[in-house]
There are 2 protein chains.
Amino acid sequence: MSLWSFPTPLLLASGSMARRVMLEESGLPIEVLPANIDERAVDEALRSAGAVPATIALKLARAKAASVSAQNPGRLVLGADQLLDCSGKIYDKAKDRAEAEKKLADLAGRIHRLTSAAAVLCNGESLFETVSEARLTMRPLDSAAIALYADEAGAALTACAGCYEIEGRGAHLFSRVEGDHFTIRGLPLLELLAGLRAKGWIRL
Amino acid sequence: MSLWSFPTPLLLASGSMARRVMLEESGLPIEVLPANIDERAVDEALRSAGAVPATIALKLARAKAASVSAQNPGRLVLGADQLLDCSGKIYDKAKDRAEAEKKLADLAGRIHRLTSAAAVLCNGESLFETVSEARLTMRPLDSAAIALYADEAGAALTACAGCYEIEGRGAHLFSRVEGDHFTIRGLPLLELLAGLRAKGWIRL
């Protein structure tokens, strides 16, 4: 008997390879169809109104899922988003190495928060949403250490909210990690599985 | 410039694929040479004397490293061990599916602890040791859920202390996870990197 009892695979409205891998490793059948939305348009108003990261991440997760759901009636669609904030400031993905190094210099020696949100929709209707947080303490890093890290980090430098994959070279950046690994990688998986289970779509 | 400044690769005295992967992903050069020791002989006396899991795990990590160090003078040798305990009882790896199902039935609905230890030796001398803990809350599971999980879990059922890989099907078992992912996978990596850094062998 399969873990999954919904008639069709879960449709992941995100292009994130980490999210795809987490879902596949958990045994859920998924198809990937990244949403094509203007994230900046969605969240700028919220940010300027001072919304907390959880609110913004949930709104973006919902918007991604809604966009894909509108084109895929009857499918269960998962939208997800992750935000990084530190001392009240939300940091976007770095565009290039120079921006990444500047961001790491900002985060070094401080605690930042990762907020991961998920929204599950069907036929445009939100069935459930969930959000989780992690707190990471970055070691103090001088510019030589940041440059050496940037040499080593590869694509993670600009692909991830925090310029790191903690399971890769990013492990060198931290003295302490609080929060589960799924949240850190961009998906509140335990909470998502609980929601799908409560709906009867996961047998385990 | 490389992250690593010790003249030779780190010698991992453990056959655990998870430990190997964590170290490789962090960018450390490693060679694997699993220790061939009788773990049961090492820890039985400690267990019957009521030693806490951290003491036993450190002793086993040290014994593994010492065994490999004795045959490899001048090399930096890493020994590691992980123990699972729940309400005062230490659980060994399950030998087969029946044992695994019984263990999961014991752990279901309760919090268990994973204790991961690492010891770094050179020429038989302990240079530093470290230990870290994680606490995992397993959902209540009936026998049908345990059987479905066992169908899905594959090799993790008998290869891992807890009968699960949390990054795999194991995610379905938990409602809450406290402690970092490295500790859960069997190596206190953040603390290990800090120790190697303090010795001057990691440049980052």
# chains A, B, ... in the order shown; residues from 1 in each chain; ligands from 1
$ select_by_dssp --residues "region 94-174 of chain B" --states "alpha helix (DSSP H)" --output "number ranges by chain"
B: 97-107, 143-153, 156-159
$ residues_around --residues "region 81-96 of chain B" --least-positions-apart "4" --cutoff "8 Å" --atoms "only C-alpha atoms" --output "JSON list (two decimals) with C-alpha atoms, in the first residue's frame"
[["chain", "number", "residue", "atom", "x", "y", "z"],
["B", 53, "PRO", "CA", 24.69, 7.88, 26.99],
["B", 57, "ALA", "CA", 29.10, 7.31, 23.09],
["B", 58, "LEU", "CA", 32.35, 9.21, 23.76],
["B", 60, "LEU", "CA", 33.00, 4.18, 21.82],
["B", 61, "ALA", "CA", 34.04, 7.08, 19.56],
["B", 100, "ALA", "CA", 12.53, -2.73, 14.40],
["B", 103, "LYS", "CA", 11.34, -0.73, 18.89],
["B", 107, "LEU", "CA", 9.20, 4.81, 20.89],
["B", 110, "ARG", "CA", 7.27, 9.45, 23.29],
["B", 111, "ILE", "CA", 10.36, 11.65, 23.21],
["B", 112, "HIS", "CA", 13.69, 9.93, 22.64],
["B", 113, "ARG", "CA", 17.19, 11.32, 22.67],
["B", 114, "LEU", "CA", 19.98, 10.85, 20.15],
["B", 115, "THR", "CA", 23.48, 11.39, 21.51],
["B", 116, "SER", "CA", 26.27, 11.80, 18.96],
["B", 117, "ALA", "CA", 29.92, 11.82, 19.95],
["B", 118, "ALA", "CA", 33.16, 12.47, 18.10],
["B", 157, "LEU", "CA", 15.04, 0.12, 9.37],
["B", 158, "THR", "CA", 18.07, -1.84, 10.56],
["B", 159, "ALA", "CA", 20.97, 0.45, 9.58],
["B", 160, "CYS", "CA", 20.13, 3.35, 11.91],
["B", 161, "ALA", "CA", 19.90, 3.64, 15.69],
["B", 162, "GLY", "CA", 16.29, 4.76, 15.53],
["B", 163, "CYS", "CA", 15.06, 2.65, 12.58],
["B", 186, "GLY", "CA", 25.18, 10.72, 13.85],
["B", 187, "LEU", "CA", 27.92, 13.32, 14.01]]
$ closest_atom_pairs --of "chain A" --to "chain B" --cutoff "10 Å" --atoms "only C-alpha atoms" --output "Markdown table"
| residue | atom | partner | partner_atom | distance |
| --- | --- | --- | --- | --- |
| A:Met1 | CA | B:Leu148 | CA | 7.3 |
| A:Ser2 | CA | B:Leu148 | CA | 8.1 |
| A:Leu3 | CA | B:Leu148 | CA | 7.6 |
| A:Val21 | CA | B:Glu167 | CA | 9.4 |
| A:Met22 | CA | B:Glu167 | CA | 6.9 |
| A:Leu23 | CA | B:Gly168 | CA | 8.8 |
| A:Glu24 | CA | B:Gly168 | CA | 8.3 |
| A:Glu25 | CA | B:Gly168 | CA | 4.6 |
| A:Ser26 | CA | B:Arg169 | CA | 4.5 |
| A:Gly27 | CA | B:Arg169 | CA | 6.1 |
| A:Leu28 | CA | B:Arg169 | CA | 9.2 |
| A:Leu141 | CA | B:Leu204 | CA | 8.4 |
| A:Asp142 | CA | B:Leu204 | CA | 9.6 |
| A:Ala144 | CA | B:Leu204 | CA | 8.4 |
| A:Ala145 | CA | B:Leu204 | CA | 5.2 |
| A:Ile146 | CA | B:Leu204 | CA | 7.9 |
| A:Ala147 | CA | B:Leu204 | CA | 9.3 |
| A:Leu148 | CA | B:Leu204 | CA | 6.6 |
| A:Tyr149 | CA | B:Leu204 | CA | 6.8 |
| A:Asp151 | CA | B:Met1 | CA | 8.6 |
| A:Glu152 | CA | B:Gly27 | CA | 8.0 |
| A:Ala153 | CA | B:Gly27 | CA | 9.5 |
| A:Glu165 | CA | B:Ser26 | CA | 9.7 |
| A:Ile166 | CA | B:Ser26 | CA | 8.6 |
| A:Glu167 | CA | B:Glu25 | CA | 6.6 |
| A:Gly168 | CA | B:Glu25 | CA | 4.6 |
| A:Arg169 | CA | B:Ser26 | CA | 4.5 |
| A:Gly170 | CA | B:Ser26 | CA | 7.3 |
| A:Ala171 | CA | B:Ser26 | CA | 6.3 |
| A:His172 | CA | B:Leu204 | CA | 6.9 |
| A:Leu173 | CA | B:Leu204 | CA | 8.2 |
| A:Phe174 | CA | B:Leu190 | CA | 7.0 |
| A:Ser175 | CA | B:Leu190 | CA | 6.4 |
| A:Arg176 | CA | B:Leu190 | CA | 7.6 |
| A:Val177 | CA | B:Asp180 | CA | 6.0 |
| A:Glu178 | CA | B:Gly179 | CA | 6.5 |
| A:Gly179 | CA | B:Glu178 | CA | 6.6 |
| A:Asp180 | CA | B:Val177 | CA | 6.0 |
| A:His181 | CA | B:His181 | CA | 5.8 |
| A:Phe182 | CA | B:Glu167 | CA | 8.3 |
| A:Leu189 | CA | B:Ala171 | CA | 7.8 |
| A:Leu190 | CA | B:Ser175 | CA | 6.4 |
| A:Glu191 | CA | B:Ser175 | CA | 7.7 |
| A:Leu193 | CA | B:His172 | CA | 6.9 |
| A:Ala194 | CA | B:Ser175 | CA | 7.9 |
| A:Arg197 | CA | B:His172 | CA | 9.5 |
| A:Ile202 | CA | B:His172 | CA | 9.2 |
| A:Arg203 | CA | B:Ala145 | CA | 7.5 |
| A:Leu204 | CA | B:Ala145 | CA | 5.2 |
$ select_by_dssp --residues "region 102-163 of chain A" --states "strand (DSSP E)" --output "PyMOL selection string"
chain A and resi 111-122+125-138
$ write_last_selection --atoms "C-alpha atoms" --output "CSV table (one decimal), in the first residue's frame"
chain,number,residue,atom,x,y,z
A,111,ILE,CA,21.4,35.3,15.1
A,112,HIS,CA,19.1,35.3,12.0
A,113,ARG,CA,15.7,33.7,11.5
A,114,LEU,CA,14.5,31.5,8.6
A,115,THR,CA,10.7,31.5,8.2
A,116,SER,CA,9.3,28.7,5.9
A,117,ALA,CA,5.7,28.7,4.8
A,118,ALA,CA,3.6,26.2,2.9
A,119,ALA,CA,0.1,26.5,1.5
A,120,VAL,CA,-2.0,23.7,0.0
A,121,LEU,CA,-4.7,24.6,-2.4
A,122,CYS,CA,-7.2,22.8,-4.6
A,125,GLU,CA,-9.3,27.2,-2.4
A,126,SER,CA,-6.8,27.2,0.4
A,127,LEU,CA,-7.1,23.9,2.3
A,128,PHE,CA,-4.5,24.5,4.9
A,129,GLU,CA,-1.4,26.6,5.5
A,130,THR,CA,1.5,26.3,7.9
A,131,VAL,CA,4.6,28.1,8.8
A,132,SER,CA,7.7,27.3,10.9
A,133,GLU,CA,10.8,29.1,12.0
A,134,ALA,CA,14.5,28.3,12.7
A,135,ARG,CA,17.1,30.4,14.4
A,136,LEU,CA,20.8,30.2,13.3
A,137,THR,CA,23.8,31.7,15.0
A,138,MET,CA,26.5,32.7,12.6
$ residues_around --residues "Ser14 (chain B)" --least-positions-apart "4" --cutoff "7 Å" --atoms "only C-alpha atoms" --output "list in words"
Val32, Leu33, Pro34, Ala35, Gly79 and Ala80 of chain B
$ closest_residue --among "A:Arg19, A:Arg97, A:Arg40, A:Arg75" --to "Ile184 (chain A)" --atoms "only C-alpha atoms"
A:Arg19
